[in-house]
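Listing of work23.txt, compact mmCIF, C-alpha atoms
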```
# COMPACT_ATOMS: atom_id res chain seq x y z
CA MET O 1 0.00 0.00 0.00
CA LEU O 2 1.43 3.37 -1.01
CA GLY O 3 0.69 6.66 0.69
CA GLY O 4 0.52 9.97 -1.18
CA GLN O 5 1.53 10.53 -4.78
CA SER O 6 3.46 7.55 -6.13
CA THR O 7 7.14 8.03 -6.87
CA VAL O 8 7.77 4.35 -7.63
CA PRO O 9 9.18 4.01 -11.17
CA ALA O 10 7.04 2.28 -13.78
CA ILE O 11 7.54 -1.45 -13.22
CA ASN O 12 6.31 -2.45 -16.69
CA ASP O 13 9.29 -0.86 -18.39
CA THR O 14 12.18 -3.09 -19.36
CA ILE O 15 15.30 -1.91 -17.55
CA VAL O 16 19.00 -2.54 -18.12
CA ALA O 17 22.13 -1.92 -16.06
CA LEU O 18 25.66 -3.12 -15.54
CA ALA O 19 25.46 -5.52 -12.57
CA SER O 20 29.22 -6.09 -12.11
CA PRO O 21 31.96 -3.61 -11.12
CA LEU O 22 33.04 -1.25 -13.86
CA GLY O 23 36.57 -1.82 -15.09
CA PRO O 24 38.67 -4.15 -17.25
CA GLY O 25 38.37 -7.86 -16.53
CA ALA O 26 37.54 -11.30 -17.85
CA ARG O 27 33.80 -11.15 -17.18
CA ALA O 28 31.07 -8.53 -16.90
CA ILE O 29 27.32 -8.90 -16.31
CA VAL O 30 24.63 -6.77 -17.94
CA ARG O 31 21.18 -7.36 -16.44
CA LEU O 32 17.79 -6.89 -18.12
CA SER O 33 14.38 -7.17 -16.45
CA GLY O 34 10.93 -6.53 -17.84
CA PRO O 35 8.34 -7.70 -20.36
CA SER O 36 10.61 -7.05 -23.37
CA ALA O 37 13.76 -8.66 -21.97
CA MET O 38 13.50 -11.75 -24.21
CA VAL O 39 12.60 -9.68 -27.28
CA ILE O 40 15.68 -7.52 -26.73
CA LEU O 41 17.80 -10.67 -26.34
CA THR O 42 16.59 -12.04 -29.70
CA GLU O 43 17.46 -8.73 -31.36
CA LEU O 44 20.92 -8.66 -29.78
CA PHE O 45 21.71 -12.25 -30.78
CA GLY O 46 19.89 -12.01 -34.11
CA ASP O 47 18.06 -15.29 -33.43
CA PRO O 48 14.23 -15.13 -33.18
CA THR O 49 14.04 -18.80 -32.12
CA ILE O 50 15.49 -17.95 -28.72
CA VAL O 51 12.04 -16.91 -27.45
CA SER O 52 10.69 -20.46 -27.78
CA SER O 53 13.90 -22.19 -26.73
CA PRO O 54 13.70 -24.25 -23.52
CA ARG O 55 17.36 -23.54 -22.87
CA ARG O 56 18.28 -21.22 -20.02
CA TRP O 57 21.96 -20.82 -20.94
CA ILE O 58 22.41 -19.46 -24.45
CA HIS O 59 25.68 -18.93 -26.32
CA GLY O 60 25.88 -16.28 -29.04
CA SER O 61 27.47 -13.04 -30.18
CA ILE O 62 26.34 -9.44 -30.43
CA VAL O 63 27.08 -7.02 -33.26
CA LEU O 64 27.93 -3.62 -31.81
CA PRO O 65 27.94 -0.39 -33.82
CA GLY O 66 31.36 0.53 -35.13
CA MET O 67 32.90 -2.85 -34.22
CA ALA O 68 34.32 -5.01 -37.04
CA ALA O 69 33.95 -8.26 -35.10
CA PRO O 70 30.94 -9.43 -33.06
CA LEU O 71 31.20 -9.47 -29.27
CA PRO O 72 31.04 -13.03 -27.84
CA ALA O 73 28.41 -13.30 -25.12
CA GLU O 74 26.40 -15.78 -23.08
CA ALA O 75 22.88 -15.22 -21.80
CA LEU O 76 21.25 -16.67 -18.70
CA VAL O 77 17.47 -16.54 -18.91
CA TRP O 78 14.89 -16.64 -16.10
CA PRO O 79 11.25 -16.50 -17.25
CA GLY O 80 8.80 -14.68 -14.99
CA PRO O 81 7.30 -15.02 -12.48
CA ARG O 82 9.91 -17.41 -11.05
CA SER O 83 12.76 -14.92 -11.38
CA TYR O 84 14.30 -12.54 -8.86
CA THR O 85 12.11 -9.61 -9.97
CA GLY O 86 9.04 -11.68 -10.85
CA GLN O 87 9.53 -10.62 -14.50
CA PRO O 88 11.50 -12.12 -17.38
CA VAL O 89 15.16 -11.57 -16.50
CA VAL O 90 18.19 -11.88 -18.79
CA GLU O 91 21.82 -11.64 -17.69
CA LEU O 92 24.36 -11.12 -20.46
CA GLN O 93 27.89 -12.23 -19.62
CA THR O 94 30.71 -10.93 -21.79
CA LEU O 95 34.15 -9.32 -21.66
CA SER O 96 34.57 -6.59 -19.06
CA SER O 97 35.78 -3.83 -21.34
CA PRO O 98 34.29 -0.42 -20.40
CA PRO O 99 34.06 0.89 -24.02
CA LEU O 100 32.39 -2.32 -25.21
CA LEU O 101 30.02 -2.36 -22.25
CA GLN O 102 28.94 1.21 -22.97
CA LEU O 103 28.18 0.20 -26.56
CA LEU O 104 26.26 -2.87 -25.33
CA LEU O 105 24.18 -0.82 -22.88
CA GLY O 106 23.43 1.67 -25.63
CA ARG O 107 22.39 -1.15 -27.95
CA CYS O 108 19.98 -2.46 -25.28
CA GLN O 109 18.47 0.99 -24.87
CA VAL O 110 17.98 1.36 -28.62
CA ALA O 111 16.20 -2.01 -28.55
CA GLY O 112 13.70 -0.75 -25.98
CA ALA O 113 15.21 -0.86 -22.50
CA ARG O 114 15.74 2.14 -20.27
CA PRO O 115 18.59 2.60 -17.74
CA ALA O 116 17.73 1.15 -14.34
CA LEU O 117 17.55 3.41 -11.30
CA PRO O 118 19.52 2.62 -8.12
CA GLY O 119 18.07 -0.47 -6.48
CA GLU O 120 15.34 -0.89 -9.09
CA PHE O 121 15.92 -4.62 -9.59
CA THR O 122 15.50 -5.25 -5.86
CA LEU O 123 12.56 -2.82 -5.75
CA ARG O 124 10.79 -4.94 -8.36
CA ALA O 125 11.53 -8.06 -6.32
CA PHE O 126 9.93 -6.36 -3.31
CA LEU O 127 6.85 -5.19 -5.24
CA ALA O 128 6.47 -8.71 -6.68
CA GLY O 129 6.41 -10.17 -3.17
CA LYS O 130 9.73 -11.97 -3.57
CA LEU O 131 11.29 -10.07 -0.65
CA ASP O 132 10.02 -8.18 2.37
CA LEU O 133 11.59 -4.93 3.55
CA THR O 134 13.77 -6.58 6.19
CA LYS O 135 15.33 -8.79 3.50
CA VAL O 136 15.71 -5.80 1.16
CA GLU O 137 17.65 -3.98 3.88
CA ALA O 138 19.70 -7.13 4.45
CA ILE O 139 20.71 -7.21 0.77
CA LEU O 140 21.93 -3.64 1.06
CA ALA O 141 23.81 -4.56 4.24
CA VAL O 142 25.50 -7.50 2.48
CA VAL O 143 26.70 -5.17 -0.29
CA GLU O 144 27.98 -2.60 2.22
CA ALA O 145 29.49 -5.05 4.75
CA ASP O 146 33.17 -4.32 5.40
CA SER O 147 33.84 -6.93 8.10
CA ARG O 148 33.00 -10.55 8.82
CA PRO O 149 30.68 -9.76 11.78
CA SER O 150 28.74 -7.25 9.65
CA LEU O 151 28.45 -9.75 6.79
CA LYS O 152 27.32 -12.53 9.13
CA GLU O 153 24.67 -10.28 10.67
CA ALA O 154 23.38 -9.24 7.24
CA LEU O 155 23.28 -12.83 5.92
CA THR O 156 21.34 -13.93 9.02
CA GLN O 157 18.67 -11.32 8.36
CA LEU O 158 18.64 -12.16 4.63
CA ALA O 159 18.00 -15.82 5.52
CA GLY O 160 14.86 -14.82 7.40
CA GLY O 161 16.25 -14.36 10.89
CA LEU O 162 13.91 -11.41 11.43
CA SER O 163 11.20 -11.71 8.78
CA LEU O 164 10.16 -15.30 9.56
CA PRO O 165 9.14 -14.67 13.20
CA LEU O 166 7.47 -11.41 12.16
CA GLN O 167 5.43 -13.13 9.45
CA GLN O 168 4.43 -15.95 11.82
CA LEU O 169 3.30 -13.48 14.48
CA ARG O 170 1.36 -11.42 11.93
CA ASP O 171 -0.42 -14.55 10.63
CA ASP O 172 -1.38 -15.55 14.19
CA LEU O 173 -2.80 -12.09 14.92
CA LEU O 174 -4.71 -12.02 11.62
CA ASN O 175 -6.37 -15.32 12.56
CA LEU O 176 -7.16 -13.97 16.04
CA LEU O 177 -8.65 -10.78 14.56
CA ALA O 178 -10.80 -12.87 12.21
CA ASP O 179 -12.23 -14.80 15.18
CA CYS O 180 -12.93 -11.58 17.07
CA GLU O 181 -14.64 -9.90 14.10
CA ALA O 182 -16.71 -13.01 13.42
CA GLY O 183 -18.11 -12.62 16.93
CA LEU O 184 -18.94 -8.97 16.17
CA ASP O 185 -20.80 -9.96 13.00
CA PHE O 186 -23.02 -12.32 14.99
CA ALA O 187 -23.29 -10.23 18.16
CA ASP O 188 -27.10 -10.70 18.25
CA GLU O 189 -26.78 -14.48 18.06
CA ASP O 190 -25.99 -16.74 20.98
CA ILE O 191 -22.76 -17.90 19.34
CA GLN O 192 -19.31 -17.74 20.92
CA PHE O 193 -16.50 -17.95 18.37
CA ILE O 194 -13.69 -17.66 20.90
CA SER O 195 -13.70 -17.86 24.68
CA GLU O 196 -12.13 -15.30 27.01
CA THR O 197 -9.61 -17.90 28.18
CA GLU O 198 -8.56 -18.62 24.59
CA LEU O 199 -8.31 -14.89 23.85
CA LEU O 200 -6.00 -14.35 26.80
CA ARG O 201 -3.88 -17.38 25.86
CA ARG O 202 -3.37 -16.26 22.26
CA ILE O 203 -2.68 -12.62 23.16
CA THR O 204 -0.22 -13.72 25.84
CA LYS O 205 1.54 -15.89 23.28
CA ALA O 206 1.76 -12.91 20.90
CA LEU O 207 3.14 -10.75 23.72
CA ALA O 208 5.83 -13.34 24.39
CA GLN O 209 6.75 -13.50 20.69
CA ILE O 210 7.01 -9.73 20.21
CA THR O 211 9.00 -9.40 23.44
CA LEU O 212 11.46 -12.01 22.13
CA ILE O 213 11.79 -10.09 18.84
CA GLN O 214 12.41 -6.90 20.84
CA LYS O 215 15.15 -8.66 22.79
CA GLN O 216 16.77 -9.90 19.56
CA LEU O 217 16.85 -6.35 18.18
CA ASP O 218 18.44 -5.10 21.40
CA GLU O 219 21.10 -7.83 21.25
CA ARG O 220 21.95 -6.95 17.64
CA ALA O 221 22.29 -3.28 18.54
CA LEU O 222 24.38 -3.81 21.69
CA GLY O 223 26.06 -7.17 21.14
CA ARG O 224 28.76 -6.05 18.74
CA ARG O 225 32.24 -6.93 20.03
CA PRO O 226 34.81 -4.17 20.60
CA PHE O 227 36.74 -2.92 17.58
CA ARG O 228 39.76 -5.26 17.33
CA VAL O 229 43.14 -3.78 16.37
CA VAL O 230 46.10 -6.11 15.79
CA LEU O 231 49.74 -5.01 15.95
CA ALA O 232 51.68 -7.01 13.35
CA GLY O 233 54.96 -6.81 11.48
CA PRO O 234 58.42 -8.37 11.23
CA PRO O 235 60.38 -9.40 14.34
CA ASN O 236 61.96 -6.66 16.44
CA ALA O 237 59.78 -3.98 14.86
CA GLY O 238 58.86 -2.49 18.22
CA LYS O 239 55.32 -3.89 18.37
CA SER O 240 55.46 -4.84 22.05
CA CYS O 241 56.94 -1.46 23.02
CA LEU O 242 54.16 0.26 21.11
CA PHE O 243 51.58 -2.02 22.74
CA ASN O 244 52.84 -1.08 26.22
CA ALA O 245 52.88 2.61 25.32
CA LEU O 246 49.28 2.55 24.09
CA VAL O 247 48.08 0.47 27.06
CA GLY O 248 49.97 2.69 29.52
CA GLU O 249 51.69 -0.10 31.44
CA GLN O 250 54.22 -2.89 30.92
CA ARG O 251 51.95 -5.70 29.76
CA ALA O 252 54.10 -7.21 26.98
CA LEU O 253 57.61 -8.58 27.47
CA VAL O 254 60.16 -6.38 25.69
CA SER O 255 63.67 -7.46 24.62
CA PRO O 256 66.21 -6.39 21.96
CA ALA O 257 66.32 -10.01 20.79
CA PRO O 258 64.01 -10.72 17.82
CA GLY O 259 61.19 -13.20 18.40
CA THR O 260 60.61 -12.42 22.09
CA THR O 261 56.82 -12.42 21.67
CA ARG O 262 55.65 -16.00 21.20
CA ASP O 263 51.94 -15.74 22.04
CA TRP O 264 49.47 -12.95 21.41
CA ILE O 265 48.25 -10.79 24.28
CA GLU O 266 45.41 -8.29 24.34
CA ALA O 267 44.16 -5.34 26.34
CA VAL O 268 41.35 -2.79 26.11
CA VAL O 269 42.62 0.74 25.48
CA ASP O 270 40.89 4.09 25.20
CA CYS O 271 41.21 5.87 21.85
CA GLU O 272 39.43 9.22 21.73
CA GLY O 273 36.72 7.92 24.07
CA LEU O 274 36.25 4.58 22.25
CA ALA O 275 37.08 1.21 23.82
CA VAL O 276 39.38 -0.67 21.45
CA GLN O 277 40.67 -4.25 21.80
CA LEU O 278 44.42 -4.02 21.12
CA VAL O 279 46.32 -7.23 20.30
CA ASP O 280 50.11 -7.73 20.22
CA THR O 281 51.33 -10.63 18.06
CA ALA O 282 54.53 -12.47 17.20
CA GLY O 283 56.75 -11.09 14.46
CA GLN O 284 56.30 -12.37 10.92
CA GLY O 285 59.46 -13.76 9.34
CA ARG O 286 61.40 -16.96 8.78
CA ALA O 287 60.51 -19.41 11.58
CA ILE O 288 63.51 -20.72 13.55
CA ASP O 289 61.72 -23.64 15.24
CA VAL O 290 58.34 -25.32 15.66
CA VAL O 291 57.29 -22.99 18.50
CA ASP O 292 58.15 -19.92 16.45
CA ARG O 293 56.21 -21.28 13.49
CA ARG O 294 53.14 -21.87 15.67
CA ALA O 295 53.44 -18.36 17.15
CA GLN O 296 53.41 -16.88 13.66
CA GLU O 297 50.40 -18.99 12.70
CA LEU O 298 48.53 -17.62 15.72
CA ALA O 299 49.51 -14.10 14.64
CA VAL O 300 48.10 -14.70 11.16
CA GLU O 301 44.84 -15.96 12.72
CA GLN O 302 44.60 -12.75 14.74
CA MET O 303 45.20 -10.63 11.64
CA THR O 304 42.52 -12.54 9.72
CA GLY O 305 39.90 -11.76 12.36
CA ALA O 306 41.01 -8.16 12.94
CA ASP O 307 38.95 -5.09 12.18
CA LEU O 308 42.19 -3.14 11.68
CA VAL O 309 45.85 -4.20 11.31
CA LEU O 310 48.61 -1.82 12.35
CA TRP O 311 51.59 -3.02 10.28
CA CYS O 312 54.61 -1.97 12.32
CA ILE O 313 58.01 -1.69 10.70
CA ALA O 314 61.29 -0.20 11.90
CA PRO O 315 63.05 2.49 9.81
CA ASP O 316 65.77 0.07 8.66
CA ALA O 317 63.38 -2.78 7.69
CA ALA O 318 61.54 -3.41 4.43
CA ALA O 319 58.91 -6.11 5.02
CA GLU O 320 55.83 -5.86 2.84
CA PRO O 321 52.47 -5.99 4.69
CA PRO O 322 49.92 -8.75 4.05
CA MET O 323 46.70 -8.21 2.13
CA HIS O 324 44.01 -6.92 4.48
CA THR O 325 40.90 -4.83 3.92
CA LYS O 326 41.81 -2.42 6.74
CA LEU O 327 45.54 -1.87 7.23
CA VAL O 328 47.52 1.14 8.42
CA ARG O 329 51.32 1.31 8.06
CA VAL O 330 53.13 2.47 11.20
CA GLN O 331 56.82 3.38 11.20
CA THR O 332 58.07 2.63 14.70
CA LYS O 333 61.22 3.87 16.47
CA SER O 334 60.97 7.22 14.71
CA ASP O 335 63.22 8.72 17.40
CA LEU O 336 66.10 6.65 16.00
CA SER O 337 65.77 7.92 12.44
CA GLY O 338 64.84 11.23 10.92
CA ALA O 339 64.32 9.73 7.48
CA PRO O 340 60.70 9.88 6.28
CA GLY O 341 58.96 6.53 5.89
CA HIS O 342 55.66 5.10 4.82
CA GLY O 343 52.68 5.57 7.13
CA LEU O 344 52.40 7.11 10.58
CA ARG O 345 55.68 7.83 12.39
CA VAL O 346 55.59 6.93 16.08
CA SER O 347 58.03 6.43 18.94
CA ALA O 348 57.05 4.36 21.95
CA HIS O 349 60.14 5.73 23.75
CA SER O 350 59.45 9.48 23.32
CA GLY O 351 55.70 9.28 22.77
CA ALA O 352 55.93 11.10 19.46
CA GLY O 353 53.07 10.30 17.11
CA LEU O 354 51.06 8.27 19.65
CA ASP O 355 48.22 10.80 19.83
CA GLU O 356 48.01 10.87 16.04
CA LEU O 357 47.93 7.06 16.00
CA ARG O 358 45.11 7.01 18.60
CA ARG O 359 43.12 9.47 16.48
CA GLU O 360 43.56 7.30 13.38
CA VAL O 361 42.49 4.16 15.25
CA ALA O 362 39.45 6.02 16.64
CA ARG O 363 38.52 7.22 13.15
CA GLN O 364 38.73 3.69 11.79
CA ALA O 365 36.79 2.33 14.79
CA ARG O 366 33.95 4.83 14.37
CA HIS O 367 33.63 3.93 10.71
CA GLY O 368 33.94 0.18 11.33
CA SER O 369 31.48 0.16 14.23
CA GLU O 370 28.64 1.58 12.15
CA ALA O 371 26.23 -1.36 11.93
CA THR O 372 25.32 -2.09 8.32
CA LEU O 373 21.83 -2.96 9.55
CA GLY O 374 21.59 0.09 11.81
CA ALA O 375 18.88 1.78 9.73
CA SER O 376 16.87 -1.44 9.49
CA LEU O 377 17.10 -2.15 13.22
CA GLY O 378 16.12 1.42 14.08
CA ARG O 379 13.09 1.31 11.79
CA CYS O 380 11.95 -2.05 13.14
CA ARG O 381 12.47 -1.14 16.78
CA GLY O 382 9.89 1.67 16.64
CA HIS O 383 7.28 -0.64 15.11
CA VAL O 384 8.04 -3.39 17.65
CA ASP O 385 7.55 -0.99 20.55
CA ALA O 386 4.23 0.22 19.10
CA CYS O 387 3.05 -3.35 18.45
CA LEU O 388 3.89 -4.30 22.04
CA LYS O 389 1.90 -1.32 23.33
CA HIS O 390 -1.21 -2.32 21.32
CA LEU O 391 -0.99 -5.97 22.41
CA ARG O 392 -0.76 -4.93 26.06
CA ALA O 393 -3.81 -2.74 25.57
CA ALA O 394 -5.64 -5.70 23.97
CA HIS O 395 -4.74 -7.91 26.94
CA ARG O 396 -6.07 -5.32 29.37
CA LEU O 397 -9.33 -4.96 27.40
CA VAL O 398 -10.01 -8.69 27.69
CA LEU O 399 -9.27 -8.73 31.43
CA GLU O 400 -11.58 -5.76 32.04
CA GLU O 401 -14.31 -7.25 29.77
CA LEU O 402 -14.53 -4.06 27.73
CA PRO O 403 -16.33 -3.95 24.32
CA ALA O 404 -14.99 -6.34 21.69
CA GLU O 405 -14.89 -3.49 19.15
CA LEU O 406 -12.04 -1.90 21.14
CA LEU O 407 -10.20 -5.22 21.23
CA ALA O 408 -10.50 -5.59 17.45
CA MET O 409 -9.17 -2.05 16.98
CA GLU O 410 -6.06 -2.73 19.10
CA LEU O 411 -5.39 -5.97 17.22
CA ARG O 412 -5.68 -4.15 13.87
CA LEU O 413 -3.21 -1.50 15.04
CA ALA O 414 -0.76 -4.20 16.19
CA ILE O 415 -1.06 -5.96 12.82
CA GLU O 416 -0.43 -2.69 10.97
CA GLU O 417 2.82 -2.18 12.92
CA LEU O 418 3.98 -5.69 11.95
CA GLY O 419 2.93 -5.06 8.35
CA ALA O 420 4.99 -1.86 8.26
CA MET O 421 8.08 -3.80 9.34
CA VAL O 422 7.86 -6.44 6.61
CA GLY O 423 6.52 -4.07 3.95
CA ALA O 424 2.87 -5.11 3.75
CA VAL O 425 2.17 -1.46 4.62
CA TYR O 426 4.58 1.16 3.31
CA THR O 427 4.89 4.68 1.91
CA ASP O 428 6.74 6.13 -1.04
CA ASP O 429 8.91 8.12 1.36
CA LEU O 430 10.03 4.94 3.10
CA LEU O 431 10.88 3.23 -0.20
CA ASP O 432 12.81 6.31 -1.33
CA ARG O 433 14.89 6.27 1.88
CA ILE O 434 15.74 2.58 1.52
CA PHE O 435 16.32 2.20 -2.22
CA SER O 436 18.15 5.50 -2.72
CA ARG O 437 21.09 3.92 -0.86
CA PHE O 438 21.39 1.09 -3.40
CA CYS O 439 23.76 1.20 -6.33
CA ILE O 440 22.68 0.84 -9.96
CA GLY O 441 22.40 -2.76 -11.12
CA LYS O 442 21.26 -4.17 -7.79
```
Have the structure of the file written as structure tokens, please.
Amino acid sequence: MLGGQSTVPAINDTIVALASPLGPGARAIVRLSGPSAMVILTELFGDPTIVSSPRRWIHGSIVLPGMAAPLPAEALVWPGPRSYTGQPVVELQTLSSPPLLQLLLGRCQVAGARPALPGEFTLRAFLAGKLDLTKVEAILAVVEADSRPSLKEALTQLAGGLSLPLQQLRDDLLNLLADCEAGLDFADEDIQFISETELLRRITKALAQITLIQKQLDERALGRRPFRVVLAGPPNAGKSCLFNALVGEQRALVSPAPGTTRDWIEAVVDCEGLAVQLVDTAGQGRAIDVVDRRAQELAVEQMTGADLVLWCIAPDAAAEPPMHTKLVRVQTKSDLSGAPGHGLRVSAHSGAGLDELRREVARQARHGSEATLGASLGRCRGHVDACLKHLRAAHRLVLEELPAELLAMELRLAIEELGAMVGAVYTDDLLDRIFSRFCIGK
């Protein structure tokens, strides 16, 4: 249900967009969705028999304007309504060459498709009933996830971790409302469709369910672990000295001999008012024995699970850092060398650069701690609180034996709150806020 003047794009148009990252590569995906998707495919491949073909993986080539040779391509076909958008969907796979892709997109538009808007493919899936709003927001969170915990949280919601209990509760309340309204329709008859005891039992069950959902939302909002920062680098790079300096006490054993740190240790430190889990690890280099090899393996495990890696390296060393999504280079022992290096210059001995390092860690932590599902959880929490309020009112009405019309009204209001969460009730403004954050092609 839409409120106000509709701003939803026309869903009967055939749309096209690049669904893979733009840039050179071995494979690119161009996605079409709409009533004319198959017609456009036959024109691109120059084969009218494709429309009646039972095949769903089609090999062919596309003649592009100004190109002497045809562009090899493969097409994956999903007929509606069993596709992602509920419409005929075609995905063209070909070479990822930006100039060729621009020509291909232009050719699709000449054949009758229009450029897709941000999130329009997922919007069509939502309007076709393939997804509810919680799953739509989970898709966006999967795309935006920049850490394993964020990705895991988004995938859980996409799998129905929130929508399934909401749908079950809404179905139960719809059945309860039907029983109540049946009694209103036959108020003059000596017929009892549902007893007071049964009413109280079913409302109490609904209260327990919505309270559990409320608790789950609270746990998702508050249960995120502290931002984890791992100190890593070659042996004798000054990691343990830096760890002690940031912690403010001698927690790690320090020695001039390389390889002193054998196991990882951790401590919670304050960075610009944020609690950060700081981890010191063994140096990465050529292992001298079995124990040293195991210590380095543990260090790699810590780096893999880190939200941020501080790659520490002394001025006279030249060890390349590992691949990591969030890594900051730190040149330690800056008091021993005036030569400029790569990354932040710090000295655990003099304290130079430590404040700047804390600020950088805090900046990364603030960015990394932003829950990808924060907007979804905030939207749902308001509806859960309102639903709980209406169910409590319904429970009180039954206990006080007040008119059944008031009970039916409270149940309807509770159902509307649940419907708003899953998207059975929505407004254009809400859809604009959600889908405007999507990228084109999704």
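Computed from the coordinates, the CA of Arg396 in chain O to CA of Asp218 in chain O distance equals 25.8 Å.
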Name the residues within 6 Å of (4.2, -9.0, 18.4), counting all atoms listed in the file in the file's coordinates, and put them as a VMD selection string.
chain O and resid 206 to 207 209 to 210 387 to 388
Kindly save the residues from that selection, with C-alpha atoms included, as an mmCIF file, in the frame of the given file.
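Final output, saved to result.cif:
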```cif
data_model
loop_
_atom_site.group_PDB
_atom_site.id
_atom_site.type_symbol
_atom_site.label_atom_id
_atom_site.label_comp_id
_atom_site.auth_asym_id
_atom_site.auth_seq_id
_atom_site.Cartn_x
_atom_site.Cartn_y
_atom_site.Cartn_z
ATOM 1 C CA ALA O 206 1.760 -12.910 20.900
ATOM 2 C CA LEU O 207 3.140 -10.750 23.720
ATOM 3 C CA GLN O 209 6.750 -13.500 20.690
ATOM 4 C CA ILE O 210 7.010 -9.730 20.210
ATOM 5 C CA CYS O 387 3.050 -3.350 18.450
ATOM 6 C CA LEU O 388 3.890 -4.300 22.040
#
```
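Between Leu406 in chain O and the candidates O:Val268, O:Ala393, O:Ala68, O:Ala17, the tightest atom-to-atom separation, counting all atoms listed in the file, involves O:Ala393.
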Here CA of Thr49 in chain O and CA of Ser61 in chain O stand apart by 14.7 Å
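Note that CA of Thr304 in chain O and CA of Arg329 in chain O are 16.5 Å apart.
Nearest residue to Asp428 in chain O among O:Ile15, O:Phe45, O:Pro9, O:Arg31 is O:Pro9, counting all atoms listed in the file.
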Self-check item: Within 12 Å of Ala404 in chain O using all atoms listed in the file, minus same-chain residues under 5 positions, as an NGL selection string
Solution: :O and (177 or 179-185 or 187 or 194-196 or 199 or 394-399 or 409-411)
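By chain and then residue number, the residues within 12 Å of Gly66 in chain O are Pro99, Leu100, Leu103, Leu104 and Arg107 of chain O, counting only C-alpha atoms and disregarding those fewer than 6 positions away in sequence.
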Counting all atoms listed in the file, the residue among O:Gly106, O:Pro79, O:Gly161, O:Gly283 that lies closest to Pro65 in chain O is O:Gly106
Q) Which protein, DNA or RNA residues have an atom at most 6 Å from (38.1, 1.3, 17.8), counting all atoms listed in the file? List them as a PyMOL selection string. A) chain O and resi 227+274+276+361-362+365
task = Just the residues within 12 Å of Glu356 in chain O, please, counting all atoms listed in the file, with nothing from its chain fewer than 5 positions along; format it as an MDAnalysis selection string.
result = chainID O and resid 246 271:272 330 343:347 351 361:363
Write out as a PDB file with C-alpha atoms, in the frame of the given file which residues come within 9 Å of Glu137 in chain O when counting all atoms listed in the file, dropping same-chain ones fewer than 2 positions away.
```pdb
ATOM      1  CA  ASP O 132      10.020  -8.180   2.370  1.00  0.00           C
ATOM      2  CA  LEU O 133      11.590  -4.930   3.550  1.00  0.00           C
ATOM      3  CA  THR O 134      13.770  -6.580   6.190  1.00  0.00           C
ATOM      4  CA  LYS O 135      15.330  -8.790   3.500  1.00  0.00           C
ATOM      5  CA  ILE O 139      20.710  -7.210   0.770  1.00  0.00           C
ATOM      6  CA  LEU O 140      21.930  -3.640   1.060  1.00  0.00           C
ATOM      7  CA  ALA O 141      23.810  -4.560   4.240  1.00  0.00           C
ATOM      8  CA  VAL O 142      25.500  -7.500   2.480  1.00  0.00           C
ATOM      9  CA  ALA O 154      23.380  -9.240   7.240  1.00  0.00           C
ATOM     10  CA  GLN O 157      18.670 -11.320   8.360  1.00  0.00           C
ATOM     11  CA  LEU O 158      18.640 -12.160   4.630  1.00  0.00           C
ATOM     12  CA  LEU O 373      21.830  -2.960   9.550  1.00  0.00           C
ATOM     13  CA  ALA O 375      18.880   1.780   9.730  1.00  0.00           C
ATOM     14  CA  SER O 376      16.870  -1.440   9.490  1.00  0.00           C
ATOM     15  CA  ILE O 434      15.740   2.580   1.520  1.00  0.00           C
ATOM     16  CA  PHE O 435      16.320   2.200  -2.220  1.00  0.00           C
TER      17      PHE O 435
END
```
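Closest to Glu417 in chain O among O:Leu173, O:Val309, O:Met38, O:Leu44 is O:Leu173, based on only C-alpha atoms.
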Please provide as a PyMOL selection string all residues within 10 Å of Leu278 in chain O, with the sequence filter that same-chain residues fewer than 5 positions apart are discarded (counting all atoms listed in the file). chain O and resi 226-231+243+246-247+265-270+306+308-310
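Closest to Glu400 in chain O among O:Leu327, O:Val384, O:Leu357, O:Leu200 is O:Leu200, based on all atoms listed in the file.
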